[in-house]
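See below for the structure under consideration.
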Amino acid sequence: MSAQPHQLVAALDLGSTKVTALIAEATGDVRDPSVKILGLGVERSGGVRRGVVRDIEETTRAISKAMKDAQRMAGVEVGTVYCGIAGEHVSGRSSHGMVSVTGDEIRTSDVARVNDMASNISFGRDHELLHAIPQDYLIDQQGGINEPIGMTGSRLEAEVYLVTVLSSVLQNLKRSVERAGYHVQEFVLEPLAASLAVLTPDEIELGCAIIELGGGSTNVSIFHNGKIRHTASLLCAGGHVTADIVHGLQVTQHDAERLKERYGAGFEPLVPES
């Protein structure tokens with residue numbers, strides 16, 4: 001076992017075809033964060049379908065195997081993980097909040113109050129809040145403000161993007177992780193996490209879409225003016241391509257997956273002439 005790193009971060013991606021575990025050491029600071037990858041574990045699994053647990057025993061087994069492989073590679077042990085979540089059970093909506101400013105200038109407490117006001121809406125008995133992402137602030141009806149703290153005004157408004165998830169889905173994912181012997185620190189919207197990993201600040205500011213083609217579903221996120229504006233999950237995914245190969249070439253599921261991974265390409269210049 002190597003020396004214990006200062007700050008470990010462990011993450012789980014529970015996909016339709018595989019479970020991926022990652023262990024990293026967090027470095028840098030809040031304004032310039034970075035990570036050093038220490039360990040990776042990947043285990044094939046059919047326990048989750050489109051982000052929903054279908055077989056809790058199989059999901060628990062795959063989580064345990066992927067995490068053990070990641071810990072073995074990293075040379076460290078972890079007990080807490082961040083778990084990605086996505087699928088058609090996740091939904092997003094915009095919400096508006098407004099508060100009166102208590103002092104001469106806008107403080108952190110005022111921003112927290114207006115964000116809470118925008119987030120304090122009914123999601124129904126079967127949904128719960130996953131993320132409340134501030135998008136824009138208005139001071140005395142003047143919009144386009146990203147950071148209102150320290151500014152002067154009497155009325156503060158906020159536009160917040162609320163991401164909600166089906167409670168039963170969340171609980172079954174959490175139970176699978178806990179049965180494997182780990183504690184869920186937080187659930188994170190996977191398209192949001194992916195955007196932070198692959199998009200530059202300029203791309204997010206100018207506007208772009210990030211598309212994650214998974215095995216059971218395809219996640220789409222749209223960014224503009226530095227913030228996430230929309231997220232959706234589509235049923236068409238990599239598994240449909242594999243199924244088409246099975247029917248078209250009359251081969252097994254395993255061989256179709258190998259053919260797709262070895263020879264498949266969606267960009268014409270990458271397709272060999274043969």
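The chains in the structure tokens are called A, B, ... from first to last as shown; in each chain the residues are counted from 1, and the ligands are counted from 1 in the order shown.
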Practice task
Tell me which protein, DNA and RNA residues are within 9 Å of stretch 187-204 of chain A, counting only C-alpha atoms, leaving out same-chain ones fewer than 4 positions away, and put them as a list in words.
Solution key: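 Here the qualifying residues turn out to be Asp13, Tyr82, Cys83, Gly84, Ile85, Ala86, Val90, Leu130, His131, Val163, Leu170, Lys174, Cys208, Ala209, Ile210, Ile211, Glu212, Asn219, Val220, Ser221, Ile222, Phe223, His224, Asn225, Gly226, Lys227, Ile228 and Thr231 of chain A.
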Exercise for the section: Could you give me, as a PyMOL selection string, the residues within 9 Å of stretch 108-119 of chain A, counting only C-alpha atoms and dropping anything in the same chain fewer than 4 positions from it? Expected result: chain A and resi 94-102+129+132-134+148-150+156-162
Practice task
Could you give me, as a PyMOL selection string, the residues within 12 Å of A:Lys68, counting only C-alpha atoms and dropping anything in the same chain fewer than 6 positions from it?
Solution key: chain A and resi 10+20-23+39-43+61-62+74-79+180-182
Write the selection just made, keeping C-alpha atoms, as a PDB file, in the first residue's frame?
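And here's result.pdb as it stands now:
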ATOM      1  CA  ALA A  10     -14.230   8.169  -5.560  1.00  0.00           C
ATOM      2  CA  THR A  20     -17.227   2.136 -13.854  1.00  0.00           C
ATOM      3  CA  ALA A  21     -15.430   3.091 -10.645  1.00  0.00           C
ATOM      4  CA  LEU A  22     -12.825   5.833 -10.429  1.00  0.00           C
ATOM      5  CA  ILE A  23     -10.544   6.893  -7.578  1.00  0.00           C
ATOM      6  CA  GLY A  39      -7.354   3.831  -9.961  1.00  0.00           C
ATOM      7  CA  LEU A  40      -9.978   2.626 -12.421  1.00  0.00           C
ATOM      8  CA  GLY A  41     -12.307  -0.361 -12.317  1.00  0.00           C
ATOM      9  CA  VAL A  42     -14.765  -1.500 -15.001  1.00  0.00           C
ATOM     10  CA  GLU A  43     -17.187  -4.413 -14.650  1.00  0.00           C
ATOM     11  CA  ARG A  61     -21.937  -7.417  -7.380  1.00  0.00           C
ATOM     12  CA  ALA A  62     -20.747  -5.184 -10.215  1.00  0.00           C
ATOM     13  CA  ALA A  74      -4.863   2.985  -6.572  1.00  0.00           C
ATOM     14  CA  GLY A  75      -3.332   1.238  -3.584  1.00  0.00           C
ATOM     15  CA  VAL A  76      -5.846   2.890  -1.253  1.00  0.00           C
ATOM     16  CA  GLU A  77      -9.222   2.109   0.276  1.00  0.00           C
ATOM     17  CA  VAL A  78     -12.275   4.369   0.239  1.00  0.00           C
ATOM     18  CA  GLY A  79     -15.610   4.218   1.994  1.00  0.00           C
ATOM     19  CA  ALA A 180     -21.627  -3.233  -1.725  1.00  0.00           C
ATOM     20  CA  GLY A 181     -20.168  -1.653   1.410  1.00  0.00           C
ATOM     21  CA  TYR A 182     -19.914   2.036   0.488  1.00  0.00           C
TER      22      TYR A 182
END
Practice task
Assign secondary structure with DSSP using the backbone only, and return the residues of stretch 86-163 of chain A in helix (DSSP H, G or I) as number ranges by chain.
Solution key: A: 108-119
Export of prior selection with N, CA, C and O atoms as a PDB file, in the first residue's frame:
ATOM      1  N   THR A 108     -23.988  37.056   1.319  1.00  0.00           N
ATOM      2  CA  THR A 108     -24.135  35.625   1.031  1.00  0.00           C
ATOM      3  C   THR A 108     -25.476  35.096   1.529  1.00  0.00           C
ATOM      4  O   THR A 108     -26.122  34.266   0.879  1.00  0.00           O
ATOM      5  N   SER A 109     -25.923  35.589   2.685  1.00  0.00           N
ATOM      6  CA  SER A 109     -27.201  35.134   3.255  1.00  0.00           C
ATOM      7  C   SER A 109     -28.381  35.521   2.362  1.00  0.00           C
ATOM      8  O   SER A 109     -29.353  34.765   2.253  1.00  0.00           O
ATOM      9  N   ASP A 110     -28.298  36.695   1.706  1.00  0.00           N
ATOM     10  CA  ASP A 110     -29.366  37.111   0.800  1.00  0.00           C
ATOM     11  C   ASP A 110     -29.439  36.191  -0.412  1.00  0.00           C
ATOM     12  O   ASP A 110     -30.535  35.812  -0.861  1.00  0.00           O
ATOM     13  N   VAL A 111     -28.266  35.839  -0.958  1.00  0.00           N
ATOM     14  CA  VAL A 111     -28.223  34.934  -2.111  1.00  0.00           C
ATOM     15  C   VAL A 111     -28.761  33.564  -1.727  1.00  0.00           C
ATOM     16  O   VAL A 111     -29.518  32.941  -2.476  1.00  0.00           O
ATOM     17  N   ALA A 112     -28.392  33.082  -0.531  1.00  0.00           N
ATOM     18  CA  ALA A 112     -28.891  31.782  -0.069  1.00  0.00           C
ATOM     19  C   ALA A 112     -30.407  31.807   0.080  1.00  0.00           C
ATOM     20  O   ALA A 112     -31.101  30.843  -0.275  1.00  0.00           O
ATOM     21  N   ARG A 113     -30.953  32.931   0.602  1.00  0.00           N
ATOM     22  CA  ARG A 113     -32.408  33.039   0.786  1.00  0.00           C
ATOM     23  C   ARG A 113     -33.153  33.023  -0.541  1.00  0.00           C
ATOM     24  O   ARG A 113     -34.182  32.353  -0.680  1.00  0.00           O
ATOM     25  N   VAL A 114     -32.634  33.764  -1.544  1.00  0.00           N
ATOM     26  CA  VAL A 114     -33.349  33.818  -2.826  1.00  0.00           C
ATOM     27  C   VAL A 114     -33.251  32.481  -3.558  1.00  0.00           C
ATOM     28  O   VAL A 114     -34.197  32.050  -4.228  1.00  0.00           O
ATOM     29  N   ASN A 115     -32.116  31.794  -3.399  1.00  0.00           N
ATOM     30  CA  ASN A 115     -31.987  30.464  -4.006  1.00  0.00           C
ATOM     31  C   ASN A 115     -32.940  29.472  -3.349  1.00  0.00           C
ATOM     32  O   ASN A 115     -33.567  28.646  -4.025  1.00  0.00           O
ATOM     33  N   ASP A 116     -33.068  29.556  -2.021  1.00  0.00           N
ATOM     34  CA  ASP A 116     -33.998  28.688  -1.305  1.00  0.00           C
ATOM     35  C   ASP A 116     -35.441  28.988  -1.703  1.00  0.00           C
ATOM     36  O   ASP A 116     -36.266  28.082  -1.836  1.00  0.00           O
ATOM     37  N   MET A 117     -35.738  30.276  -1.899  1.00  0.00           N
ATOM     38  CA  MET A 117     -37.089  30.675  -2.293  1.00  0.00           C
ATOM     39  C   MET A 117     -37.447  30.075  -3.655  1.00  0.00           C
ATOM     40  O   MET A 117     -38.555  29.564  -3.854  1.00  0.00           O
ATOM     41  N   ALA A 118     -36.490  30.110  -4.588  1.00  0.00           N
ATOM     42  CA  ALA A 118     -36.739  29.562  -5.923  1.00  0.00           C
ATOM     43  C   ALA A 118     -36.846  28.033  -5.897  1.00  0.00           C
ATOM     44  O   ALA A 118     -37.547  27.436  -6.715  1.00  0.00           O
ATOM     45  N   SER A 119     -36.143  27.415  -4.943  1.00  0.00           N
ATOM     46  CA  SER A 119     -36.127  25.946  -4.874  1.00  0.00           C
ATOM     47  C   SER A 119     -37.284  25.377  -4.073  1.00  0.00           C
ATOM     48  O   SER A 119     -37.558  24.178  -4.145  1.00  0.00           O
TER      49      SER A 119
END
Problem - Nearest to A:Glu57 by atom-to-atom distance, counting only C-alpha atoms, from A:Ser176, A:Ser122, A:Gln7, A:Ser274 - result: A:Ser176
